[in-house]
Amino acid sequence: MEKKLFSSFAGKFLKKHVSHGGEAPDGSHGMMLYLEGINKSFDGFKAINDLNLYIEKGELRCIIGPNGAGKSTMMDIITGKTRPDSGSAWFGQNINLLDLDEPAIAQAGIGRKFQKPTVFENMTVDENLELALSGPKTVWSTLRGKMSAEDNEMRDSVLELTGLKDLRGKDGRLLSHGQKQWLELGMLLMQKPQLLLVDEPVTGMTRQEMQKTAELLLSLEHTHTIIVVEHDMDFVRSIARKVTVLHQGHVLAEGSMAEVQANPKVVEVYLGSDAS
């Protein structure tokens, strides 16, 4: 029942609030993200080594790999926090990410959710979502205490989608860890990103919270492009369509979860007993 509700609310949300550029991605117009020949070294340590990664529009991709595999550096490069030493990075058909800084990349439609939720502890759920609204009007509208009818409708849709409707008047500091994670994801959605980078979303969650998070991410599949970096293999199995394994800054393997689990190299360097 809960899964059906997530799908219903996601459909209503995305019908009215599609991502930047108008038409929601449907996977039929090519790549959303294109990384090729990316290299990055820090003081002689090669964090990213000839990385090639291609993400289709509307895809939900899981990225796994041992600590130090280059996952965080990869996301830093996508969002403009770190510049590669060489290589190409394109967003959609015509946006060269290496020509843009962090704010411009965010404005272009790439949103990132970090492992530790960063909500405003002394503000309500409603206020957190309002502050996250995309567009230059945000600060002025917030200070004046006014939101458009469309803004209000979008916030209500996000509250339904994240399961936080009954907590909308509650301060962020009073939310559980899982609820804070969903609120931060909701804040990202308020910014209308085309591509969501989600870093270890279920760390510290209960099994019930993990299940709800899986349903939330799956409800956004096809209408958003999502990259999930995660260590919890049970969670990855519950959402994975295609999995990329990073090792020493390079793609070690790629395919379905079953294919990745059966790959001897992946078992050797990462999965080990988790491959069963």
# chains A, B, ... in the order shown; residues from 1 in each chain; ligands from 1
>>> select_by_dssp(residues="stretch 217-251 of chain A", states="helix (DSSP H, G or I)", output="PyMOL selection string")
chain A and resi 217-220+233-239
>>> write_last_selection(atoms="all heavy atoms", output="PDB file, in the first residue's frame")
ATOM      1  N   LEU A 217      13.263   6.576  -3.562  1.00  0.00           N
ATOM      2  CA  LEU A 217      14.164   6.710  -4.709  1.00  0.00           C
ATOM      3  C   LEU A 217      13.590   6.024  -5.944  1.00  0.00           C
ATOM      4  O   LEU A 217      13.676   6.561  -7.060  1.00  0.00           O
ATOM      5  CB  LEU A 217      15.538   6.133  -4.365  1.00  0.00           C
ATOM      6  CG  LEU A 217      16.356   6.938  -3.341  1.00  0.00           C
ATOM      7  CD1 LEU A 217      17.615   6.177  -2.950  1.00  0.00           C
ATOM      8  CD2 LEU A 217      16.719   8.315  -3.890  1.00  0.00           C
ATOM      9  N   LEU A 218      12.993   4.863  -5.763  1.00  0.00           N
ATOM     10  CA  LEU A 218      12.411   4.153  -6.906  1.00  0.00           C
ATOM     11  C   LEU A 218      11.231   4.915  -7.495  1.00  0.00           C
ATOM     12  O   LEU A 218      10.967   4.832  -8.695  1.00  0.00           O
ATOM     13  CB  LEU A 218      11.981   2.738  -6.482  1.00  0.00           C
ATOM     14  CG  LEU A 218      13.126   1.751  -6.240  1.00  0.00           C
ATOM     15  CD1 LEU A 218      12.591   0.456  -5.627  1.00  0.00           C
ATOM     16  CD2 LEU A 218      13.871   1.447  -7.537  1.00  0.00           C
ATOM     17  N   SER A 219      10.527   5.666  -6.650  1.00  0.00           N
ATOM     18  CA  SER A 219       9.391   6.448  -7.153  1.00  0.00           C
ATOM     19  C   SER A 219       9.849   7.594  -8.053  1.00  0.00           C
ATOM     20  O   SER A 219       9.061   8.117  -8.843  1.00  0.00           O
ATOM     21  CB  SER A 219       8.565   6.996  -5.979  1.00  0.00           C
ATOM     22  OG  SER A 219       9.221   8.073  -5.336  1.00  0.00           O
ATOM     23  N   LEU A 220      11.115   7.996  -7.920  1.00  0.00           N
ATOM     24  CA  LEU A 220      11.661   9.080  -8.746  1.00  0.00           C
ATOM     25  C   LEU A 220      12.341   8.574 -10.012  1.00  0.00           C
ATOM     26  O   LEU A 220      12.719   9.363 -10.881  1.00  0.00           O
ATOM     27  CB  LEU A 220      12.677   9.881  -7.925  1.00  0.00           C
ATOM     28  CG  LEU A 220      12.131  10.598  -6.688  1.00  0.00           C
ATOM     29  CD1 LEU A 220      13.279  11.179  -5.863  1.00  0.00           C
ATOM     30  CD2 LEU A 220      11.158  11.690  -7.090  1.00  0.00           C
ATOM     31  N   MET A 233      24.964  -3.307   0.956  1.00  0.00           N
ATOM     32  CA  MET A 233      24.642  -4.137  -0.201  1.00  0.00           C
ATOM     33  C   MET A 233      23.180  -4.569  -0.221  1.00  0.00           C
ATOM     34  O   MET A 233      22.591  -4.752  -1.300  1.00  0.00           O
ATOM     35  CB  MET A 233      25.544  -5.370  -0.248  1.00  0.00           C
ATOM     36  CG  MET A 233      26.984  -5.054  -0.623  1.00  0.00           C
ATOM     37  SD  MET A 233      27.133  -4.322  -2.277  1.00  0.00           S
ATOM     38  CE  MET A 233      27.351  -2.589  -1.864  1.00  0.00           C
ATOM     39  N   ASP A 234      22.560  -4.744   0.929  1.00  0.00           N
ATOM     40  CA  ASP A 234      21.140  -5.090   0.956  1.00  0.00           C
ATOM     41  C   ASP A 234      20.318  -3.958   0.342  1.00  0.00           C
ATOM     42  O   ASP A 234      19.376  -4.201  -0.419  1.00  0.00           O
ATOM     43  CB  ASP A 234      20.670  -5.358   2.391  1.00  0.00           C
ATOM     44  CG  ASP A 234      21.183  -6.689   2.927  1.00  0.00           C
ATOM     45  OD1 ASP A 234      21.508  -7.572   2.098  1.00  0.00           O
ATOM     46  OD2 ASP A 234      21.263  -6.848   4.156  1.00  0.00           O
ATOM     47  N   PHE A 235      20.678  -2.723   0.672  1.00  0.00           N
ATOM     48  CA  PHE A 235      19.967  -1.573   0.114  1.00  0.00           C
ATOM     49  C   PHE A 235      20.214  -1.475  -1.382  1.00  0.00           C
ATOM     50  O   PHE A 235      19.277  -1.233  -2.164  1.00  0.00           O
ATOM     51  CB  PHE A 235      20.411  -0.284   0.811  1.00  0.00           C
ATOM     52  CG  PHE A 235      19.716   0.940   0.295  1.00  0.00           C
ATOM     53  CD1 PHE A 235      18.398   1.193   0.618  1.00  0.00           C
ATOM     54  CD2 PHE A 235      20.383   1.830  -0.538  1.00  0.00           C
ATOM     55  CE1 PHE A 235      17.742   2.313   0.123  1.00  0.00           C
ATOM     56  CE2 PHE A 235      19.739   2.956  -1.034  1.00  0.00           C
ATOM     57  CZ  PHE A 235      18.415   3.196  -0.694  1.00  0.00           C
ATOM     58  N   VAL A 236      21.455  -1.655  -1.801  1.00  0.00           N
ATOM     59  CA  VAL A 236      21.774  -1.587  -3.228  1.00  0.00           C
ATOM     60  C   VAL A 236      20.969  -2.634  -3.995  1.00  0.00           C
ATOM     61  O   VAL A 236      20.397  -2.349  -5.053  1.00  0.00           O
ATOM     62  CB  VAL A 236      23.286  -1.777  -3.465  1.00  0.00           C
ATOM     63  CG1 VAL A 236      23.594  -1.909  -4.964  1.00  0.00           C
ATOM     64  CG2 VAL A 236      24.063  -0.607  -2.876  1.00  0.00           C
ATOM     65  N   ARG A 237      20.889  -3.846  -3.451  1.00  0.00           N
ATOM     66  CA  ARG A 237      20.112  -4.897  -4.118  1.00  0.00           C
ATOM     67  C   ARG A 237      18.649  -4.503  -4.264  1.00  0.00           C
ATOM     68  O   ARG A 237      17.987  -4.883  -5.228  1.00  0.00           O
ATOM     69  CB  ARG A 237      20.213  -6.204  -3.331  1.00  0.00           C
ATOM     70  CG  ARG A 237      21.580  -6.870  -3.376  1.00  0.00           C
ATOM     71  CD  ARG A 237      21.571  -8.218  -2.670  1.00  0.00           C
ATOM     72  NE  ARG A 237      22.911  -8.754  -2.549  1.00  0.00           N
ATOM     73  CZ  ARG A 237      23.651  -8.686  -1.449  1.00  0.00           C
ATOM     74  NH1 ARG A 237      23.179  -8.103  -0.363  1.00  0.00           N
ATOM     75  NH2 ARG A 237      24.869  -9.202  -1.431  1.00  0.00           N
ATOM     76  N   SER A 238      18.133  -3.742  -3.305  1.00  0.00           N
ATOM     77  CA  SER A 238      16.706  -3.409  -3.318  1.00  0.00           C
ATOM     78  C   SER A 238      16.351  -2.347  -4.356  1.00  0.00           C
ATOM     79  O   SER A 238      15.186  -2.213  -4.721  1.00  0.00           O
ATOM     80  CB  SER A 238      16.268  -2.927  -1.923  1.00  0.00           C
ATOM     81  OG  SER A 238      16.776  -1.637  -1.627  1.00  0.00           O
ATOM     82  N   ILE A 239      17.350  -1.587  -4.841  1.00  0.00           N
ATOM     83  CA  ILE A 239      17.045  -0.514  -5.801  1.00  0.00           C
ATOM     84  C   ILE A 239      17.800  -0.641  -7.114  1.00  0.00           C
ATOM     85  O   ILE A 239      17.457   0.027  -8.084  1.00  0.00           O
ATOM     86  CB  ILE A 239      17.345   0.882  -5.202  1.00  0.00           C
ATOM     87  CG1 ILE A 239      18.839   1.071  -4.945  1.00  0.00           C
ATOM     88  CG2 ILE A 239      16.537   1.124  -3.940  1.00  0.00           C
ATOM     89  CD1 ILE A 239      19.225   2.498  -4.595  1.00  0.00           C
TER      90      ILE A 239
END
>>> select_by_dssp(residues="stretch 36-241 of chain A", states="strand (DSSP E or B)", output="count of residues only")
50
>>> closest_residue(among="A:Asp76, A:Asp50, A:Glu254, A:Asp166", to="A:Ile110", atoms="only C-alpha atoms")
A:Asp76
>>> closest_atom_pairs(of="stretch 78-147 of chain A", to="stretch 195-212 of chain A", cutoff="6 Å", atoms="only C-alpha atoms", output="CSV")
residue,atom,partner,partner_atom,distance
A:Ile110,CA,A:Leu195,CA,4.8
A:Gly111,CA,A:Leu196,CA,5.0
A:Arg112,CA,A:Leu197,CA,4.6
A:Lys113,CA,A:Val198,CA,4.9
A:Phe114,CA,A:Asp199,CA,5.1
A:Gln115,CA,A:Asp199,CA,5.0
>>> residues_around(residues="A:Ile55", least_positions_apart="6", cutoff="10 Å", atoms="only C-alpha atoms", output="ChimeraX atom specification")
/A:27,30-35,61,91-92,195,225-227
>>> write_last_selection(atoms="N, CA, C and O atoms", output="mmCIF file, in the first residue's frame")
data_model
loop_
_atom_site.group_PDB
_atom_site.id
_atom_site.type_symbol
_atom_site.label_atom_id
_atom_site.label_comp_id
_atom_site.auth_asym_id
_atom_site.auth_seq_id
_atom_site.Cartn_x
_atom_site.Cartn_y
_atom_site.Cartn_z
ATOM 1 N N GLY A 27 14.847 8.903 -20.859
ATOM 2 C CA GLY A 27 15.791 7.857 -21.215
ATOM 3 C C GLY A 27 15.952 7.630 -22.709
ATOM 4 O O GLY A 27 16.745 6.792 -23.122
ATOM 5 N N GLY A 30 19.363 10.080 -25.166
ATOM 6 C CA GLY A 30 20.796 10.012 -24.992
ATOM 7 C C GLY A 30 21.233 10.118 -23.551
ATOM 8 O O GLY A 30 20.506 9.781 -22.622
ATOM 9 N N MET A 31 22.432 10.606 -23.363
ATOM 10 C CA MET A 31 23.061 10.611 -22.050
ATOM 11 C C MET A 31 22.732 11.873 -21.247
ATOM 12 O O MET A 31 22.698 12.963 -21.790
ATOM 13 N N MET A 32 22.523 11.672 -19.968
ATOM 14 C CA MET A 32 22.393 12.794 -19.049
ATOM 15 C C MET A 32 23.765 13.220 -18.551
ATOM 16 O O MET A 32 24.034 14.412 -18.373
ATOM 17 N N LEU A 33 24.651 12.246 -18.321
ATOM 18 C CA LEU A 33 25.989 12.543 -17.805
ATOM 19 C C LEU A 33 27.009 11.732 -18.589
ATOM 20 O O LEU A 33 26.838 10.531 -18.821
ATOM 21 N N TYR A 34 28.086 12.427 -18.982
ATOM 22 C CA TYR A 34 29.112 11.816 -19.825
ATOM 23 C C TYR A 34 30.472 12.197 -19.247
ATOM 24 O O TYR A 34 30.872 13.355 -19.315
ATOM 25 N N LEU A 35 31.160 11.229 -18.657
ATOM 26 C CA LEU A 35 32.518 11.439 -18.158
ATOM 27 C C LEU A 35 33.446 10.533 -18.947
ATOM 28 O O LEU A 35 33.210 9.322 -19.045
ATOM 29 N N ARG A 61 21.279 4.773 -11.156
ATOM 30 C CA ARG A 61 22.550 4.033 -11.169
ATOM 31 C C ARG A 61 23.127 3.971 -9.762
ATOM 32 O O ARG A 61 23.213 4.985 -9.064
ATOM 33 N N PHE A 91 27.146 17.451 -19.286
ATOM 34 C CA PHE A 91 25.821 17.280 -18.690
ATOM 35 C C PHE A 91 24.784 17.511 -19.784
ATOM 36 O O PHE A 91 24.688 18.621 -20.324
ATOM 37 N N GLY A 92 24.060 16.440 -20.137
ATOM 38 C CA GLY A 92 23.134 16.564 -21.249
ATOM 39 C C GLY A 92 23.881 16.698 -22.562
ATOM 40 O O GLY A 92 25.026 16.269 -22.717
ATOM 41 N N LEU A 195 19.481 15.942 -12.359
ATOM 42 C CA LEU A 195 20.358 14.865 -11.901
ATOM 43 C C LEU A 195 20.547 14.980 -10.393
ATOM 44 O O LEU A 195 20.934 16.035 -9.896
ATOM 45 N N THR A 225 17.072 11.594 -13.095
ATOM 46 C CA THR A 225 18.258 10.755 -13.222
ATOM 47 C C THR A 225 18.943 10.757 -11.863
ATOM 48 O O THR A 225 19.162 11.812 -11.274
ATOM 49 N N ILE A 226 19.260 9.566 -11.346
ATOM 50 C CA ILE A 226 19.735 9.451 -9.968
ATOM 51 C C ILE A 226 20.995 8.598 -9.921
ATOM 52 O O ILE A 226 21.030 7.502 -10.489
ATOM 53 N N ILE A 227 22.007 9.114 -9.253
ATOM 54 C CA ILE A 227 23.209 8.334 -8.949
ATOM 55 C C ILE A 227 23.264 8.148 -7.438
ATOM 56 O O ILE A 227 23.284 9.122 -6.686
#
>>> residues_around(residues="A:Met123", least_positions_apart="5", cutoff="9 Å", atoms="only C-alpha atoms", output="short mmCIF file (atom, residue, chain, number, x, y, z; two decimals) with N, CA, C and O atoms, in the first residue's frame")
data_model
loop_
_atom_site.label_atom_id
_atom_site.label_comp_id
_atom_site.auth_asym_id
_atom_site.auth_seq_id
_atom_site.Cartn_x
_atom_site.Cartn_y
_atom_site.Cartn_z
N ASN A 128 12.10 24.71 5.99
CA ASN A 128 13.25 24.15 5.30
C ASN A 128 12.98 23.99 3.82
O ASN A 128 13.81 24.34 2.97
N GLY A 169 5.05 21.04 10.57
CA GLY A 169 5.24 22.11 11.54
C GLY A 169 6.28 21.80 12.60
O GLY A 169 6.50 22.59 13.53
N LYS A 170 6.97 20.68 12.45
CA LYS A 170 7.95 20.24 13.45
C LYS A 170 9.34 20.77 13.11
O LYS A 170 9.75 20.80 11.94
N ASP A 171 10.08 21.21 14.14
CA ASP A 171 11.44 21.70 13.92
C ASP A 171 12.35 20.58 13.45
O ASP A 171 12.20 19.41 13.88
N GLY A 172 13.35 20.94 12.63
CA GLY A 172 14.27 19.96 12.10
C GLY A 172 15.01 19.18 13.18
O GLY A 172 15.28 17.99 13.02
N ARG A 173 15.31 19.84 14.29
CA ARG A 173 16.08 19.17 15.36
C ARG A 173 15.29 18.05 16.02
O ARG A 173 15.87 17.19 16.69
#
>>> closest_residue(among="A:Gly178, A:Gly109, A:Gly163, A:Pro66", to="A:Lys192", atoms="only C-alpha atoms")
A:Gly109
>>> closest_residue(among="A:Asn67, A:Gln261, A:Thr213, A:Thr124", to="A:Leu161", atoms="only C-alpha atoms")
A:Thr213
>>> closest_residue(among="A:Leu174, A:Leu53, A:Ile77, A:Cys62", to="A:Val260", atoms="only C-alpha atoms")
A:Cys62
>>> residues_around(residues="A:Gly68", least_positions_apart="2", cutoff="12 Å", atoms="only C-alpha atoms", output="JSON, numbers by chain")
{"A": [45, 46, 47, 48, 64, 65, 66, 70, 71, 72, 73, 74, 246, 247, 248, 249, 250, 269, 270]}
>>> closest_residue(among="A:Ala104, A:Met257, A:Met147, A:Ile63", to="A:Thr244", atoms="only C-alpha atoms")
A:Ile63
>>> atom_distance(atom1="atom CA of A:Thr223", atom2="atom CA of A:Gln93")
17.5 Å
>>> closest_residue(among="A:Leu188, A:Leu60, A:Met75, A:Ile38", to="A:Val119", atoms="only C-alpha atoms")
A:Leu188
>>> atom_distance(atom1="atom CA of A:Leu97", atom2="atom CA of A:Asp151")
28.8 Å
>>> atom_distance(atom1="atom CA of A:Asn94", atom2="atom CA of A:Glu59")
18.9 Å
>>> residues_around(residues="A:Glu184", least_positions_apart="3", cutoff="7 Å", atoms="only C-alpha atoms", output="PyMOL selection string")
chain A and resi 117-119+180-181+187-188
>>> write_last_selection(atoms="C-alpha atoms", output="PDB file, in the first residue's frame")
ATOM      1  CA  PRO A 117      21.846  15.525   6.433  1.00  0.00           C
ATOM      2  CA  THR A 118      22.195  19.315   6.647  1.00  0.00           C
ATOM      3  CA  VAL A 119      18.777  20.656   7.535  1.00  0.00           C
ATOM      4  CA  LYS A 180      16.111  14.377   8.284  1.00  0.00           C
ATOM      5  CA  GLN A 181      17.449  12.404   5.317  1.00  0.00           C
ATOM      6  CA  MET A 187      14.865  20.136  -0.222  1.00  0.00           C
ATOM      7  CA  LEU A 188      16.800  18.915  -3.250  1.00  0.00           C
TER       8      LEU A 188
END
